[in-house]
Amino acid sequence: MNKKIAVILGDGMADLPDANGDTPMSLARKPRADALAGKSEIGLVKNVPDGMKPGSDTANLSAMGYDPKECYTGRSPLEAVSMGIALSDGDVTYRANLVTLENGVMKDYSAGEIDTASAREIIDYLAPHINRDGFELYGGISYRHCLVRRGARRTGAYLTPPHDISGRKVQEYLPSDAVLLEIMLKSQELLKDCPINVKRRERGLNEATSLWFWGEGTKPKLQPFYEKYGLRGAVISAVDLLKGIAVCAGMKSIDVEGATGTLTTNFDGKAKAAVDALESGCDYVYVHLEAPDECGHQGDREGKRRAIELIDEKILTPIDDYLKASGNPYTLVFMPDHPTPTSTRTHSSDPVPYMIYDSERTVCGADAFDEKHAAESGNFIEHGHTLLSKIID
């Protein structure tokens, strides 16, 4: 029987220290993670290769054992695959956020974390006006949607992730591609009178005032995970990006009812799905938690601390308990993909702390699992995609 491997990925969990030297990870009450740290290998791992943007796409590919420099073709095509959109080699895709612009400023990159049902109504409202000349708009989850440009090849347009410019004037960040800019401006006109926005306005919620395009890419190609590592894998996530990686890698993509990618996500349901996957024959399960990243983008340090505590209590603890009770050998990994500091509200390429607990190894670890203890360990993995091979070997 293969050793079971569970990876708990707290997206954007790492942060910068405050004036007291504390981070959300160091302040969070996480008894299971800190207990495991004492008998685990901890250290720093660099998931974002030099010269690549620090996105959740490149960083999660690394954390799953894929070298982004060899296989990365853009973020949005991974999301498109997850949404069931058929792509040809000449097609180009874009992430299409629903955002709130106010007086020319990026007020909210998520339109108030708009619910999926409302967002789908908005996309359906916009699509008939946008779906022309090879362009196709598809609805996704919450504020995250997709635009496909058929037969265009890669355009190399200057595009900026909206969460990178929260609170800034957007004028200098508008798309360099004239057609994309035209569609964006058209969406702003149409959304002024959109019925969903009228309702949101009445309720005092942030309106979806514009589409915002970023993350250009082309059809992805990943070596099947089982072929690469000999492991039957499953991915549990609320976001299309991770679901798309799973589909492209031939892993199971497990949907969990109530999974939102925020602090309100169904943590218990995700843990149960992970246990069920391991119980039903999967060798490797990758549980992706988006909440710390969302809090980082919003500058919510207290929310980020709370997200880490919930991951420890509701994800790490029950999965560790199950694996321990099974009596079989297992490896448990806890790590972020990249930092999303609340002070900058955007991703960075800095190395992140990792923790590897192996039930068959005795290791003298650290008193706690956080950025400081990881750095002090002296352990450093320069290429994130090699971490999985390190575990298997």
# chains A, B, ... in the order shown; residues from 1 in each chain; ligands from 1
>>> residues_around(residues="Thr218 (chain A)", least_positions_apart="3", cutoff="6 Å", atoms="only C-alpha atoms", output="compact mmCIF listing (two decimals) with C-alpha atoms, in the first residue's frame")
# COMPACT_ATOMS: atom_id res chain seq x y z
CA THR A 73 0.88 28.80 -20.20
CA PRO A 77 -6.69 28.71 -19.33
CA VAL A 92 -6.42 32.90 -25.85
>>> select_by_dssp(residues="region 62-268 of chain A", states="strand (DSSP E)", output="PyMOL selection string")
chain A and resi 92-102+105-108+135-141+144-149+210-218+233-236+252-254
>>> closest_residue(among="A:Gly296, A:Gly51, A:Gly384, A:Gly38", to="Asp358 (chain A)", atoms="only C-alpha atoms")
A:Gly38
>>> closest_residue(among="A:Val48, A:Ala307, A:Ile141, A:Ala6", to="Asp115 (chain A)", atoms="only C-alpha atoms")
A:Ile141
>>> closest_residue(among="A:Arg153, A:Val239, A:Leu87, A:Lys53", to="Thr116 (chain A)", atoms="only C-alpha atoms")
A:Val239
>>> residues_around(residues="region 156-162 of chain A", least_positions_apart="6", cutoff="6 Å", atoms="only C-alpha atoms", output="count of residues only")
5
>>> residues_around(residues="Arg150 (chain A)", least_positions_apart="4", cutoff="7 Å", atoms="only C-alpha atoms", output="list of chain:residue names")
A:Gly90, A:Asp91, A:Val92, A:Gly134, A:Phe135
>>> closest_residue(among="A:His163, A:Arg149, A:Lys324, A:Lys186", to="Gly217 (chain A)", atoms="only C-alpha atoms")
A:Arg149
>>> atom_distance(atom1="CA of Asp312 (chain A)", atom2="CA of Asp268 (chain A)")
11.5 Å
>>> residues_around(residues="Lys228 (chain A)", least_positions_apart="6", cutoff="10 Å", atoms="only C-alpha atoms", output="short mmCIF file (atom, residue, chain, number, x, y, z; two decimals) with N, CA, C and O atoms, in the first residue's frame")
data_model
loop_
_atom_site.label_atom_id
_atom_site.label_comp_id
_atom_site.auth_asym_id
_atom_site.auth_seq_id
_atom_site.Cartn_x
_atom_site.Cartn_y
_atom_site.Cartn_z
N GLY A 65 4.19 19.90 -7.51
CA GLY A 65 5.26 19.13 -8.12
C GLY A 65 5.48 19.37 -9.60
O GLY A 65 6.15 18.57 -10.26
N TYR A 66 4.96 20.47 -10.12
CA TYR A 66 5.17 20.82 -11.53
C TYR A 66 6.06 22.05 -11.63
O TYR A 66 5.85 23.03 -10.91
N LEU A 222 -0.24 19.57 -19.15
CA LEU A 222 0.44 19.05 -17.98
C LEU A 222 0.59 17.53 -18.11
O LEU A 222 -0.34 16.85 -18.56
N ALA A 249 -4.14 17.75 -14.93
CA ALA A 249 -3.19 16.75 -14.45
C ALA A 249 -3.82 15.38 -14.28
O ALA A 249 -3.15 14.44 -13.84
#
>>> residues_around(residues="Leu78 (chain A)", least_positions_apart="4", cutoff="8 Å", atoms="only C-alpha atoms", output="number ranges by chain")
A: 74, 82, 219-220, 240-245, 248
>>> closest_residue(among="A:Leu190, A:Val45, A:Leu211, A:Val7", to="Ala111 (chain A)", atoms="only C-alpha atoms")
A:Leu211
>>> residues_around(residues="Arg361 (chain A)", least_positions_apart="6", cutoff="12 Å", atoms="only C-alpha atoms", output="list of chain:residue names")
A:Lys39, A:Ser40, A:Glu41, A:Pro329, A:Tyr330, A:Thr331, A:Leu332, A:Ile391
>>> write_last_selection(atoms="C-alpha atoms", output="mmCIF file, in the first residue's frame")
data_model
loop_
_atom_site.group_PDB
_atom_site.id
_atom_site.type_symbol
_atom_site.label_atom_id
_atom_site.label_comp_id
_atom_site.auth_asym_id
_atom_site.auth_seq_id
_atom_site.Cartn_x
_atom_site.Cartn_y
_atom_site.Cartn_z
ATOM 1 C CA LYS A 39 8.518 16.451 15.210
ATOM 2 C CA SER A 40 8.502 17.685 11.618
ATOM 3 C CA GLU A 41 10.980 19.046 9.144
ATOM 4 C CA PRO A 329 2.245 5.329 7.183
ATOM 5 C CA TYR A 330 1.548 8.873 6.047
ATOM 6 C CA THR A 331 3.075 12.259 5.296
ATOM 7 C CA LEU A 332 1.340 15.505 6.174
ATOM 8 C CA ILE A 391 8.622 13.494 0.163
#
>>> atom_distance(atom1="CA of Thr346 (chain A)", atom2="CA of Ala14 (chain A)")
11.7 Å
>>> select_by_dssp(residues="region 71-264 of chain A", states="alpha helix (DSSP H)", output="JSON, numbers by chain")
{"A": [71, 76, 77, 78, 79, 80, 81, 82, 116, 117, 118, 119, 120, 121, 122, 123, 124, 125, 126, 127, 128, 129, 130, 178, 179, 180, 181, 182, 183, 184, 185, 186, 187, 188, 189, 190, 191, 195, 196, 197, 198, 199, 200, 201, 202, 225, 226, 227, 228, 229, 240, 241, 242, 243, 244, 245, 246, 247, 248]}
>>> closest_residue(among="A:Tyr284, A:Asn266, A:His338, A:Glu202", to="Phe225 (chain A)", atoms="only C-alpha atoms")
A:Tyr284
>>> decode(residues="region 313-328 of chain A", atoms="N, CA and C atoms", output="mmCIF file, in the first residue's frame")
data_model
loop_
_atom_site.group_PDB
_atom_site.id
_atom_site.type_symbol
_atom_site.label_atom_id
_atom_site.label_comp_id
_atom_site.auth_asym_id
_atom_site.auth_seq_id
_atom_site.Cartn_x
_atom_site.Cartn_y
_atom_site.Cartn_z
ATOM 1 N N GLU A 313 -7.840 24.049 13.089
ATOM 2 C CA GLU A 313 -8.888 23.356 13.842
ATOM 3 C C GLU A 313 -9.720 22.423 12.971
ATOM 4 N N LYS A 314 -10.115 22.916 11.795
ATOM 5 C CA LYS A 314 -11.119 22.210 11.009
ATOM 6 C C LYS A 314 -10.576 21.431 9.817
ATOM 7 N N ILE A 315 -9.316 21.644 9.457
ATOM 8 C CA ILE A 315 -8.728 20.927 8.323
ATOM 9 C C ILE A 315 -7.554 20.061 8.778
ATOM 10 N N LEU A 316 -6.539 20.692 9.317
ATOM 11 C CA LEU A 316 -5.325 19.966 9.698
ATOM 12 C C LEU A 316 -5.607 18.917 10.771
ATOM 13 N N THR A 317 -6.330 19.299 11.818
ATOM 14 C CA THR A 317 -6.563 18.379 12.937
ATOM 15 C C THR A 317 -7.356 17.143 12.530
ATOM 16 N N PRO A 318 -8.530 17.285 11.887
ATOM 17 C CA PRO A 318 -9.277 16.057 11.532
ATOM 18 C C PRO A 318 -8.562 15.173 10.509
ATOM 19 N N ILE A 319 -7.837 15.773 9.578
ATOM 20 C CA ILE A 319 -7.114 14.955 8.602
ATOM 21 C C ILE A 319 -5.966 14.209 9.282
ATOM 22 N N ASP A 320 -5.248 14.888 10.172
ATOM 23 C CA ASP A 320 -4.178 14.234 10.920
ATOM 24 C C ASP A 320 -4.750 13.130 11.807
ATOM 25 N N ASP A 321 -5.863 13.393 12.459
ATOM 26 C CA ASP A 321 -6.496 12.383 13.319
ATOM 27 C C ASP A 321 -6.873 11.138 12.512
ATOM 28 N N TYR A 322 -7.445 11.351 11.337
ATOM 29 C CA TYR A 322 -7.832 10.213 10.496
ATOM 30 C C TYR A 322 -6.610 9.400 10.083
ATOM 31 N N LEU A 323 -5.586 10.082 9.604
ATOM 32 C CA LEU A 323 -4.388 9.385 9.135
ATOM 33 C C LEU A 323 -3.718 8.621 10.269
ATOM 34 N N LYS A 324 -3.679 9.227 11.441
ATOM 35 C CA LYS A 324 -3.055 8.573 12.595
ATOM 36 C C LYS A 324 -3.843 7.324 12.988
ATOM 37 N N ALA A 325 -5.173 7.445 12.994
ATOM 38 C CA ALA A 325 -6.030 6.322 13.392
ATOM 39 C C ALA A 325 -6.003 5.192 12.379
ATOM 40 N N SER A 326 -5.655 5.507 11.131
ATOM 41 C CA SER A 326 -5.651 4.480 10.090
ATOM 42 C C SER A 326 -4.592 3.419 10.331
ATOM 43 N N GLY A 327 -3.547 3.781 11.065
ATOM 44 C CA GLY A 327 -2.480 2.845 11.343
ATOM 45 C C GLY A 327 -1.502 2.654 10.200
ATOM 46 N N ASN A 328 -1.731 3.347 9.096
ATOM 47 C CA ASN A 328 -0.861 3.247 7.928
ATOM 48 C C ASN A 328 0.138 4.404 7.913
#
